[in-house]
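> What follows is a structure written as C-alpha cells; I'll ask about it next.
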Amino acid sequence: MEEEEKQEVEIKKNHEITTQENNKPIPNHDNSTEEDSISEHISKKINYKNLIYYNPGMKIEIINNEGITNYDLNFKIILIGNSGVGKSCITLKATKDIFKEDFTSTIGFLFFSYHVKINDKLIKLQIWDTCGQEIYKALITQFYRSSALAIICYSVTDRKSFKDVEAWIKNVKSNSNPDCKLFLIANKIDLPNRVISTEEGKKCQKENGFECYMETSAKNGINVNELFVNCTLTLYKELDKYIKEKELMELSNRIKLNDDSNYEEKDCAC
Ligand code: GTP
C-alpha cells in the first residue's frame, strides 16, 4: 500500500471515531453493489440542470464504492471556509448520505473519496475536508499545494463567513498552484434566517472569477452530489483540453518532421 493510501485509511478510521453519532460507527455501505449505488444516485440524486459543462451526449455515473482501486484519473480537491459553515456535512452527505446535526469541529483535516465515471473515464476525487478554525490555518495551508480545485464555502445565515471568502481566496492564491480552480458554495439554504442573497453570491462569483457558484443544503441533500460531479466535469474538461492541445502539438511536430525529411530527400537528390 502506498504511503498516501495508508494515510487515507488511517484518517478515515479516525474520522469514524470523531464523527460518530450516539457512539454508532458511520455505515460505509460496503455491502452495496456497484450497480445498486449507481442506480440509486442516478435516479434520485442528480439534477442534470445544475451541472456545468454537461452535454446530453455525456454519460455520467457516480460510483459509490469505497473499495475502488482502479481509476483513470485522480484529483485532489480541498474544502475550505470558516468553521461551522457545513464543510464536513456537505462531504458526509455526498459520500455516505449522512447528515450530522451536532457540531464537532474537524481536527486538522479529513480525507474522503468520491468516484465519478464520465464516458469511459473513471475519475477519483480525493476530497480534503479541512478545518475552518483559525488555529489550524497554518497547518491547512500545507495541503493547498497540489490541489486541482478549491471549494470555498460560506453559510447563507452567517455574514462573517461570506465576508471572509476573500481571505480564503487569498490563501488559495498564495499557497496552491496558479491553475487551481475555484468553486463558491453557499450552504444551509434550507434555513429560514438567510442573510446572504443569491444575487450577492453571484456577484462575488463574478468579481472573483469563481468557475462555479452553487447553493447547497447538506441537511436536505440539495446539490451536494451535483457539486462534486461539477468538480469532476470541470477537471475533466481541463484534461480534455490538455489532451487535445498535446495531440495537436504532436500532430504539428509530425508534420514538421515530415516536412524536414522531404526537404532532406530533395537535398539528396540534388
Ligand atoms: P469545521 O470543521 O469547524 O471547519 O466546521 P464545518 O464547516 O465542517 O461545519 P460542519 O459540517 O461540522 O457543520 C456545522 C454545523 O452546521 C452542524 O451543526 C451541522 O449540523 C450544521 N449544518 C451543516 N450544513 C447544514 C445545512 O445545510 N443546513 C442546516 N440546517 N445545518 C447545517
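Scheme for the C-alpha cells: letters A, B, ... for chains in order shown; per-chain residue numbers from 1; ligand numbers from 1 in order shown.
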Run DSSP on the backbone of this structure and report the residues of segment 31-225 of chain A it assigns to alpha helix (DSSP H), as a PyMOL selection string.

chain A and resi 34-44+87-96+137-141+159-163+165-175+198-208+224-225

> Would you save the residues of that selection, restricted to C-alpha atoms, as a tab-separated table (two decimals), in the first residue's frame?


chain	number	residue	atom	x	y	z
A	34	GLU	CA	-21.64	-1.00	-7.58
A	35	GLU	CA	-24.80	-1.27	-9.67
A	36	ASP	CA	-27.12	-0.52	-6.75
A	37	SER	CA	-25.30	2.63	-5.88
A	38	ILE	CA	-25.12	3.84	-9.43
A	39	SER	CA	-28.85	3.50	-9.97
A	40	GLU	CA	-29.59	4.98	-6.54
A	41	HIS	CA	-27.59	8.08	-7.31
A	42	ILE	CA	-28.60	8.40	-10.91
A	43	SER	CA	-32.31	8.12	-10.30
A	44	LYS	CA	-32.56	10.04	-7.03
A	87	LYS	CA	-17.98	21.61	5.02
A	88	SER	CA	-17.94	18.23	6.76
A	89	CYS	CA	-21.71	17.89	6.44
A	90	ILE	CA	-21.57	18.50	2.67
A	91	THR	CA	-18.88	15.87	2.26
A	92	LEU	CA	-20.59	13.34	4.54
A	93	LYS	CA	-23.90	13.79	2.76
A	94	ALA	CA	-22.33	13.24	-0.65
A	95	THR	CA	-20.10	10.34	0.31
A	96	LYS	CA	-22.17	8.49	2.93
A	137	LYS	CA	-4.81	27.81	9.29
A	138	ALA	CA	-1.03	27.44	9.26
A	139	LEU	CA	-1.34	23.65	9.13
A	140	ILE	CA	-4.01	23.68	6.42
A	141	THR	CA	-2.03	25.87	4.02
A	159	ARG	CA	-22.41	37.19	7.03
A	160	LYS	CA	-18.93	36.89	8.52
A	161	SER	CA	-18.38	33.59	6.70
A	162	PHE	CA	-19.33	35.37	3.45
A	163	LYS	CA	-17.05	38.35	4.16
A	165	VAL	CA	-14.43	34.40	1.41
A	166	GLU	CA	-11.89	36.97	0.14
A	167	ALA	CA	-9.37	35.94	2.76
A	168	TRP	CA	-9.83	32.29	1.76
A	169	ILE	CA	-9.27	33.21	-1.90
A	170	LYS	CA	-6.01	34.93	-0.94
A	171	ASN	CA	-4.96	31.81	0.95
A	172	VAL	CA	-5.56	29.64	-2.09
A	173	LYS	CA	-3.78	32.04	-4.44
A	174	SER	CA	-0.71	32.24	-2.27
A	175	ASN	CA	-0.48	28.55	-1.41
A	198	THR	CA	-28.33	34.62	-4.32
A	199	GLU	CA	-27.50	37.94	-6.05
A	200	GLU	CA	-24.73	38.68	-3.55
A	201	GLY	CA	-23.32	35.20	-4.05
A	202	LYS	CA	-23.35	35.50	-7.85
A	203	LYS	CA	-21.77	38.97	-7.66
A	204	CYS	CA	-18.97	37.52	-5.55
A	205	GLN	CA	-18.54	34.74	-8.11
A	206	LYS	CA	-18.18	37.23	-10.98
A	207	GLU	CA	-15.88	39.62	-9.15
A	208	ASN	CA	-13.51	36.89	-8.05
A	224	VAL	CA	-24.32	18.04	-2.78
A	225	ASN	CA	-23.77	15.36	-5.41

> Report as JSON, numbers by chain all protein, DNA and RNA residues lying within 8 Å of segment 119-132 of chain A, evaluated on only C-alpha atoms, omitting residues in the same chain fewer than 5 positions from it.

{"A": [58, 59, 60, 71, 72, 73, 74, 75, 76, 77, 78, 79, 80, 81, 82, 83, 84, 87, 88, 91, 105, 106, 107, 108, 109, 110, 111, 112, 113, 114, 137, 140, 232]}

> Counting only C-alpha atoms and all ligand atoms, which of A:Glu250, A:Asp158, A:Asp240, A:Glu101 gets nearest to ligand 1?

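Of A:Glu250, A:Asp158, A:Asp240, A:Glu101, the one nearest ligand 1 is A:Glu101, counting only C-alpha atoms and all ligand atoms.
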
> How would you write, as a ChimeraX atom specification, the set of residues in segment 20-210 of chain A that DSSP gives as strand (DSSP E or B)?

/A:21,24,60-63,73-81,109-118,121-130,149-155,181-187

> Just the selected residues (C-alpha atoms), exported as an mmCIF file, in the first residue's frame, please.


data_model
loop_
_atom_site.group_PDB
_atom_site.id
_atom_site.type_symbol
_atom_site.label_atom_id
_atom_site.label_comp_id
_atom_site.auth_asym_id
_atom_site.auth_seq_id
_atom_site.Cartn_x
_atom_site.Cartn_y
_atom_site.Cartn_z
ATOM 1 C CA GLU A 21 -23.424 9.868 16.337
ATOM 2 C CA LYS A 24 -22.562 4.306 16.417
ATOM 3 C CA ILE A 60 -22.209 10.310 -16.041
ATOM 4 C CA GLU A 61 -22.264 7.757 -13.229
ATOM 5 C CA ILE A 62 -21.493 8.237 -9.559
ATOM 6 C CA ILE A 63 -19.737 5.128 -8.330
ATOM 7 C CA LEU A 73 -7.548 9.901 -13.143
ATOM 8 C CA ASN A 74 -7.086 11.148 -9.623
ATOM 9 C CA PHE A 75 -7.590 14.736 -8.478
ATOM 10 C CA LYS A 76 -7.111 16.341 -5.118
ATOM 11 C CA ILE A 77 -9.712 18.897 -4.126
ATOM 12 C CA ILE A 78 -9.949 20.876 -0.907
ATOM 13 C CA LEU A 79 -12.921 22.227 1.015
ATOM 14 C CA ILE A 80 -12.231 25.420 2.894
ATOM 15 C CA GLY A 81 -14.210 28.165 4.617
ATOM 16 C CA PHE A 109 -8.281 17.687 8.027
ATOM 17 C CA LEU A 110 -10.071 14.557 6.806
ATOM 18 C CA PHE A 111 -9.944 12.552 3.585
ATOM 19 C CA PHE A 112 -12.870 11.278 1.555
ATOM 20 C CA SER A 113 -13.025 9.595 -1.847
ATOM 21 C CA TYR A 114 -15.673 10.227 -4.475
ATOM 22 C CA HIS A 115 -15.735 8.429 -7.807
ATOM 23 C CA VAL A 116 -17.435 9.649 -10.951
ATOM 24 C CA LYS A 117 -17.377 7.956 -14.307
ATOM 25 C CA ILE A 118 -17.565 10.327 -17.257
ATOM 26 C CA LYS A 121 -13.061 7.523 -17.705
ATOM 27 C CA LEU A 122 -13.301 6.705 -14.008
ATOM 28 C CA ILE A 123 -12.223 9.724 -12.007
ATOM 29 C CA LYS A 124 -11.368 9.704 -8.339
ATOM 30 C CA LEU A 125 -11.772 12.872 -6.317
ATOM 31 C CA GLN A 126 -9.655 12.872 -3.225
ATOM 32 C CA ILE A 127 -11.580 15.323 -1.062
ATOM 33 C CA TRP A 128 -9.692 17.014 1.745
ATOM 34 C CA ASP A 129 -12.129 18.400 4.270
ATOM 35 C CA THR A 130 -10.189 20.965 6.246
ATOM 36 C CA LEU A 149 -9.662 22.612 -7.206
ATOM 37 C CA ALA A 150 -10.616 24.517 -4.066
ATOM 38 C CA ILE A 151 -14.212 24.747 -2.854
ATOM 39 C CA ILE A 152 -14.752 27.818 -0.707
ATOM 40 C CA CYS A 153 -17.885 27.500 1.443
ATOM 41 C CA TYR A 154 -19.899 30.018 3.397
ATOM 42 C CA SER A 155 -23.188 29.779 5.216
ATOM 43 C CA LYS A 181 -9.884 26.106 -9.968
ATOM 44 C CA LEU A 182 -12.193 27.874 -7.532
ATOM 45 C CA PHE A 183 -15.787 26.984 -6.613
ATOM 46 C CA LEU A 184 -18.011 29.142 -4.389
ATOM 47 C CA ILE A 185 -20.599 27.325 -2.264
ATOM 48 C CA ALA A 186 -23.459 28.946 -0.362
ATOM 49 C CA ASN A 187 -24.597 26.334 2.158
#

> Could you give me, as a ChimeraX atom specification, the residues within 12 Å of Leu191 of chain A, counting only C-alpha atoms and dropping anything in the same chain fewer than 6 positions from it?

/A:155-158,216-220

> Of the candidates A:Lys237, A:Asn47, A:Val85, A:Tyr242, which one gets nearest to Asp164 of chain A if we count only C-alpha atoms?

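Of A:Lys237, A:Asn47, A:Val85, A:Tyr242, the one nearest Asp164 of chain A, counting only C-alpha atoms, is A:Val85.
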
> With only C-alpha atoms and all ligand atoms as the basis for distance, which of A:Lys100, A:Arg194, A:Arg145, A:Lys244 is at the shortest distance from ligand 1?

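Smallest separation from ligand 1 among the options: A:Lys100.
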
> Here is a test: counting only C-alpha atoms and all ligand atoms, which residue of A:Tyr236, A:Tyr54, A:Tyr136, A:Tyr48 is nearest to ligand 1?

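Counting only C-alpha atoms and all ligand atoms, the residue closest to ligand 1 is A:Tyr136.
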
> Looking at only C-alpha atoms and all ligand atoms, which of A:Thr104, A:Gln142, A:Asn177, A:Asn223 is the one that sits closest to ligand 1?

A:Thr104
